[in-house]
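Right, one structure below, let's go through it.
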Amino acid sequence: MPFFRFPKKRNQAHRKSALRWQSHEVQITRKTMKSIRLRVRDNGELALSCPHGITDHEIIRFLDARSGWVEQQLQRVMAANHSKAEQNNARQVSLWGKAFCIEVRPAIKTPFEIDQQNATIFIRTPIQHQQEIALLHQKIWRGALQKYMEQALPRWQDKMGVHTKFSGIRNMKTKWGSCNVTRHRIWLNVQLAQYPRSCAEMVLVHELVHLLEASHNKRFYQLMDHFLPDWRHADQILKTQVMSV
Ligand SMILES: [Zn+2]
């Protein structure tokens with residue numbers, strides 16, 4: 001006859017929930033354990049596990065008593081993530097929506113060389129400082145966007161029947177592009193070269209449409225739909241960033 005032994009105490013399942021504490025969302029797991037454990041994850045999330053009987057109120061009290069420690073841990077995590085991002089920037093750069101590796105090859109003749117096929121950018125000497133890295137990224141983007149503008153601008157001007165007196169590229173903090181309708185000048189943000197080409201195209205067409213319609217009114221969007229029916233797709237990609245057109 002088979003012998004069945006039942007556990008003395010049935011393990012209760014893990015119960016997951018979340019609660020707001022200060023500006024944080026705390027992930028809570030209630031399970032069979034004796035004490036409360038709090039962890040600050042690498043992504044800055046707070047994770048707490050505790051016995052089943054502990055109430056949310058008790059958890060808040062527990063957290064309040066440890067707010068100094070949490071702050072310290074969050075700062076440590078943020079510093080680690082920041083330096084990880086810096087190291088990453090020195091090793092790779094996004095160009096037209098694709099990640100390119102940055103590699104050192106002292107023999108190259110220009111400050112940098114782009115190998116499209118292998119998605120690699122060669123530089124002569126290693127770079128480490130944040131400023132140097134940012135400068136390199138901007139040089140790469142500027143060159144790529146310049147090349148794109150040289151062929152796309154005349155094509156779109158012809159198609160739309162507009163004419164610019166000046167077009168340029170610059171690094172902007174709050175806008176993807178701008179247009180001075182009286183002076184017929186347009187600017188594109190150098191950072192556009194990070195995203196798929198359709199994004200630079202959308203901003204270019206947007207600024208050129210301003211030469212036909214200065215404000216963002218119904219006619220403006222009708223013209224956008226007419227010239228670039230798929231513009232909303234690229235707009236959506238850029239909207240996940242923090243700048244506007
Ligand atoms: Zn606009």
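Starting from 1 in every chain, residues are counted up; chains themselves are A, B, ... following the order of the structure tokens, and ligands are numbered from 1 as listed.
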
Might you pull out every residue within 12 Å of Glu132 in chain A, with only C-alpha atoms counted and same-chain residues fewer than 6 positions away left off, and present them as a VMD selection string?
chain A and resid 86 89 to 90 123 125 to 126 138 to 139

Those in range 90-163 of chain A with strand (DSSP E or B) from DSSP, as a compact mmCIF listing (two decimals) with N, CA and C atoms, in the first residue's frame:
# COMPACT_ATOMS: atom_id res chain seq x y z
N GLN A 92 29.84 52.16 -28.60
CA GLN A 92 28.89 52.10 -29.72
C GLN A 92 28.10 53.38 -29.89
N VAL A 93 27.60 53.55 -31.10
CA VAL A 93 26.82 54.74 -31.43
C VAL A 93 25.67 54.32 -32.35
N SER A 94 24.54 54.96 -32.18
CA SER A 94 23.40 54.64 -33.02
C SER A 94 23.41 55.54 -34.26
N LEU A 95 23.31 54.92 -35.42
CA LEU A 95 23.31 55.68 -36.67
C LEU A 95 22.19 55.16 -37.56
N LYS A 98 20.48 52.11 -36.29
CA LYS A 98 21.23 50.87 -36.18
C LYS A 98 22.42 51.09 -35.24
N ALA A 99 22.74 50.10 -34.40
CA ALA A 99 23.86 50.25 -33.48
C ALA A 99 25.17 49.95 -34.20
N PHE A 100 26.10 50.89 -34.19
CA PHE A 100 27.43 50.69 -34.77
C PHE A 100 28.45 50.53 -33.65
N CYS A 101 29.35 49.57 -33.79
CA CYS A 101 30.42 49.42 -32.81
C CYS A 101 31.49 50.46 -33.10
N ILE A 102 32.13 50.95 -32.06
CA ILE A 102 33.26 51.86 -32.26
C ILE A 102 34.53 51.08 -31.95
N GLU A 103 35.43 51.02 -32.93
CA GLU A 103 36.68 50.28 -32.71
C GLU A 103 37.87 51.14 -33.07
N VAL A 104 38.99 50.88 -32.39
CA VAL A 104 40.20 51.65 -32.64
C VAL A 104 41.02 50.97 -33.74
N PHE A 112 37.61 59.50 -38.48
CA PHE A 112 36.86 58.26 -38.29
C PHE A 112 36.44 57.69 -39.64
N GLU A 113 36.18 56.41 -39.66
CA GLU A 113 35.80 55.73 -40.90
C GLU A 113 34.59 54.86 -40.63
N ILE A 114 33.61 54.90 -41.52
CA ILE A 114 32.40 54.10 -41.29
C ILE A 114 32.41 52.88 -42.20
N ASP A 115 32.31 51.71 -41.59
CA ASP A 115 32.19 50.47 -42.34
C ASP A 115 30.72 50.04 -42.25
N THR A 120 30.40 49.08 -38.21
CA THR A 120 31.51 49.44 -37.33
C THR A 120 32.05 50.81 -37.71
N ILE A 121 32.40 51.59 -36.72
CA ILE A 121 33.04 52.87 -36.96
C ILE A 121 34.45 52.80 -36.38
N PHE A 122 35.44 53.06 -37.21
CA PHE A 122 36.82 53.01 -36.74
C PHE A 122 37.28 54.40 -36.35
N ILE A 123 38.00 54.47 -35.23
CA ILE A 123 38.62 55.73 -34.82
C ILE A 123 40.11 55.47 -34.62

Contacts with ligand 1 at most 8 Å, only C-alpha atoms and all ligand atoms counted, listed as number ranges by chain:
A: 177-179, 206-207, 210, 214-216, 245

Using the selection just defined, write its residues with C-alpha atoms as an mmCIF file, in the first residue's frame.
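Result file is result.cif:
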data_model
loop_
_atom_site.group_PDB
_atom_site.id
_atom_site.type_symbol
_atom_site.label_atom_id
_atom_site.label_comp_id
_atom_site.auth_asym_id
_atom_site.auth_seq_id
_atom_site.Cartn_x
_atom_site.Cartn_y
_atom_site.Cartn_z
ATOM 1 C CA GLY A 177 13.987 71.028 -36.526
ATOM 2 C CA SER A 178 13.075 74.648 -37.090
ATOM 3 C CA CYS A 179 12.050 76.894 -39.941
ATOM 4 C CA HIS A 206 7.688 69.213 -41.865
ATOM 5 C CA GLU A 207 10.004 72.219 -42.024
ATOM 6 C CA HIS A 210 6.098 75.461 -43.101
ATOM 7 C CA ALA A 214 3.401 78.721 -41.310
ATOM 8 C CA SER A 215 1.247 77.349 -38.510
ATOM 9 C CA HIS A 216 0.303 73.879 -37.361
ATOM 10 C CA VAL A 245 9.260 69.558 -34.189
#

Would you pick out the contacts of Val26 in chain A at 9 Å or less, using only C-alpha atoms, so that residues sharing its chain but fewer than 4 positions from it are not included, and give the list as a PyMOL selection string?
chain A and resi 17-21+45-48

DSSP alpha helix (DSSP H) residues within range 1-209 of chain A, as a ChimeraX atom specification:
/A:56-65,67-91,130-160,197-209

Residue selection dump (C-alpha atoms) as a PDB file, in the first residue's frame:
ATOM      1  CA  ASP A  56       0.948  47.423   4.004  1.00  0.00           C
ATOM      2  CA  HIS A  57       0.962  49.804   6.941  1.00  0.00           C
ATOM      3  CA  GLU A  58       3.770  47.863   8.618  1.00  0.00           C
ATOM      4  CA  ILE A  59       5.695  47.835   5.339  1.00  0.00           C
ATOM      5  CA  ILE A  60       5.436  51.629   5.075  1.00  0.00           C
ATOM      6  CA  ARG A  61       6.777  51.951   8.627  1.00  0.00           C
ATOM      7  CA  PHE A  62       9.614  49.579   7.768  1.00  0.00           C
ATOM      8  CA  LEU A  63      10.470  51.661   4.674  1.00  0.00           C
ATOM      9  CA  ASP A  64      10.215  54.982   6.534  1.00  0.00           C
ATOM     10  CA  ALA A  65      12.776  53.738   9.041  1.00  0.00           C
ATOM     11  CA  SER A  67      14.661  55.841   3.859  1.00  0.00           C
ATOM     12  CA  GLY A  68      18.283  56.979   4.335  1.00  0.00           C
ATOM     13  CA  TRP A  69      19.600  53.588   3.312  1.00  0.00           C
ATOM     14  CA  VAL A  70      17.254  53.453   0.284  1.00  0.00           C
ATOM     15  CA  GLU A  71      18.448  56.884  -0.850  1.00  0.00           C
ATOM     16  CA  GLN A  72      22.073  55.742  -0.578  1.00  0.00           C
ATOM     17  CA  GLN A  73      21.392  52.566  -2.554  1.00  0.00           C
ATOM     18  CA  LEU A  74      19.534  54.477  -5.269  1.00  0.00           C
ATOM     19  CA  GLN A  75      22.446  56.858  -5.655  1.00  0.00           C
ATOM     20  CA  ARG A  76      24.850  53.943  -5.910  1.00  0.00           C
ATOM     21  CA  VAL A  77      22.690  52.275  -8.595  1.00  0.00           C
ATOM     22  CA  MET A  78      22.340  55.530 -10.547  1.00  0.00           C
ATOM     23  CA  ALA A  79      26.093  56.169 -10.470  1.00  0.00           C
ATOM     24  CA  ALA A  80      26.759  52.615 -11.661  1.00  0.00           C
ATOM     25  CA  ASN A  81      24.222  52.943 -14.486  1.00  0.00           C
ATOM     26  CA  HIS A  82      25.640  56.298 -15.504  1.00  0.00           C
ATOM     27  CA  SER A  83      29.165  54.956 -15.818  1.00  0.00           C
ATOM     28  CA  LYS A  84      27.839  51.892 -17.654  1.00  0.00           C
ATOM     29  CA  ALA A  85      26.119  54.223 -20.142  1.00  0.00           C
ATOM     30  CA  GLU A  86      29.337  56.204 -20.561  1.00  0.00           C
ATOM     31  CA  GLN A  87      31.325  53.058 -21.270  1.00  0.00           C
ATOM     32  CA  ASN A  88      28.649  52.013 -23.741  1.00  0.00           C
ATOM     33  CA  ASN A  89      28.799  55.346 -25.548  1.00  0.00           C
ATOM     34  CA  ALA A  90      32.529  54.888 -25.998  1.00  0.00           C
ATOM     35  CA  ARG A  91      31.932  51.501 -27.567  1.00  0.00           C
ATOM     36  CA  GLN A 130      32.479  62.019 -21.897  1.00  0.00           C
ATOM     37  CA  GLN A 131      33.051  65.243 -23.845  1.00  0.00           C
ATOM     38  CA  GLU A 132      35.256  63.546 -26.413  1.00  0.00           C
ATOM     39  CA  ILE A 133      32.716  60.770 -26.859  1.00  0.00           C
ATOM     40  CA  ALA A 134      29.835  63.229 -27.283  1.00  0.00           C
ATOM     41  CA  LEU A 135      31.891  65.164 -29.825  1.00  0.00           C
ATOM     42  CA  LEU A 136      32.663  62.018 -31.807  1.00  0.00           C
ATOM     43  CA  HIS A 137      28.988  61.003 -31.857  1.00  0.00           C
ATOM     44  CA  GLN A 138      28.030  64.457 -33.105  1.00  0.00           C
ATOM     45  CA  LYS A 139      30.677  64.393 -35.846  1.00  0.00           C
ATOM     46  CA  ILE A 140      29.404  61.014 -37.027  1.00  0.00           C
ATOM     47  CA  TRP A 141      25.762  62.166 -37.001  1.00  0.00           C
ATOM     48  CA  ARG A 142      26.554  65.502 -38.646  1.00  0.00           C
ATOM     49  CA  GLY A 143      28.420  63.814 -41.524  1.00  0.00           C
ATOM     50  CA  ALA A 144      25.597  61.339 -42.078  1.00  0.00           C
ATOM     51  CA  LEU A 145      22.842  63.948 -41.902  1.00  0.00           C
ATOM     52  CA  GLN A 146      24.790  66.289 -44.194  1.00  0.00           C
ATOM     53  CA  LYS A 147      25.055  63.555 -46.790  1.00  0.00           C
ATOM     54  CA  TYR A 148      21.362  62.789 -46.457  1.00  0.00           C
ATOM     55  CA  MET A 149      20.374  66.461 -46.793  1.00  0.00           C
ATOM     56  CA  GLU A 150      22.505  66.911 -49.912  1.00  0.00           C
ATOM     57  CA  GLN A 151      20.400  64.405 -51.795  1.00  0.00           C
ATOM     58  CA  ALA A 152      17.036  64.745 -50.038  1.00  0.00           C
ATOM     59  CA  LEU A 153      16.658  68.528 -49.888  1.00  0.00           C
ATOM     60  CA  PRO A 154      16.774  69.233 -53.667  1.00  0.00           C
ATOM     61  CA  ARG A 155      14.487  66.261 -54.280  1.00  0.00           C
ATOM     62  CA  TRP A 156      11.850  67.474 -51.783  1.00  0.00           C
ATOM     63  CA  GLN A 157      12.126  71.098 -52.837  1.00  0.00           C
ATOM     64  CA  ASP A 158      11.364  70.068 -56.421  1.00  0.00           C
ATOM     65  CA  LYS A 159       8.498  67.853 -55.384  1.00  0.00           C
ATOM     66  CA  MET A 160       6.926  70.472 -53.109  1.00  0.00           C
ATOM     67  CA  ARG A 197      16.074  57.868 -41.970  1.00  0.00           C
ATOM     68  CA  SER A 198      12.304  58.190 -42.126  1.00  0.00           C
ATOM     69  CA  CYS A 199      12.545  60.417 -39.017  1.00  0.00           C
ATOM     70  CA  ALA A 200      14.973  62.884 -40.639  1.00  0.00           C
ATOM     71  CA  GLU A 201      12.766  62.818 -43.734  1.00  0.00           C
ATOM     72  CA  MET A 202       9.643  63.570 -41.700  1.00  0.00           C
ATOM     73  CA  VAL A 203      11.315  66.554 -39.981  1.00  0.00           C
ATOM     74  CA  LEU A 204      12.715  67.816 -43.292  1.00  0.00           C
ATOM     75  CA  VAL A 205       9.297  67.645 -44.960  1.00  0.00           C
ATOM     76  CA  HIS A 206       7.688  69.213 -41.865  1.00  0.00           C
ATOM     77  CA  GLU A 207      10.004  72.219 -42.024  1.00  0.00           C
ATOM     78  CA  LEU A 208       9.516  72.561 -45.788  1.00  0.00           C
ATOM     79  CA  VAL A 209       5.721  72.413 -45.377  1.00  0.00           C
TER      80      VAL A 209
END

Of the candidates A:Gln236, A:Ser167, A:Thr29, A:Asn180, which shows the shortest atom-to-atom distance to His14 in chain A, using only C-alpha atoms?
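With only C-alpha atoms as the atom set, the closest residue is A:Thr29.
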
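For the atom pair formed by CA of Arg15 in chain A and CA of His52 in chain A, the distance is 8.0 Å, given to one decimal.
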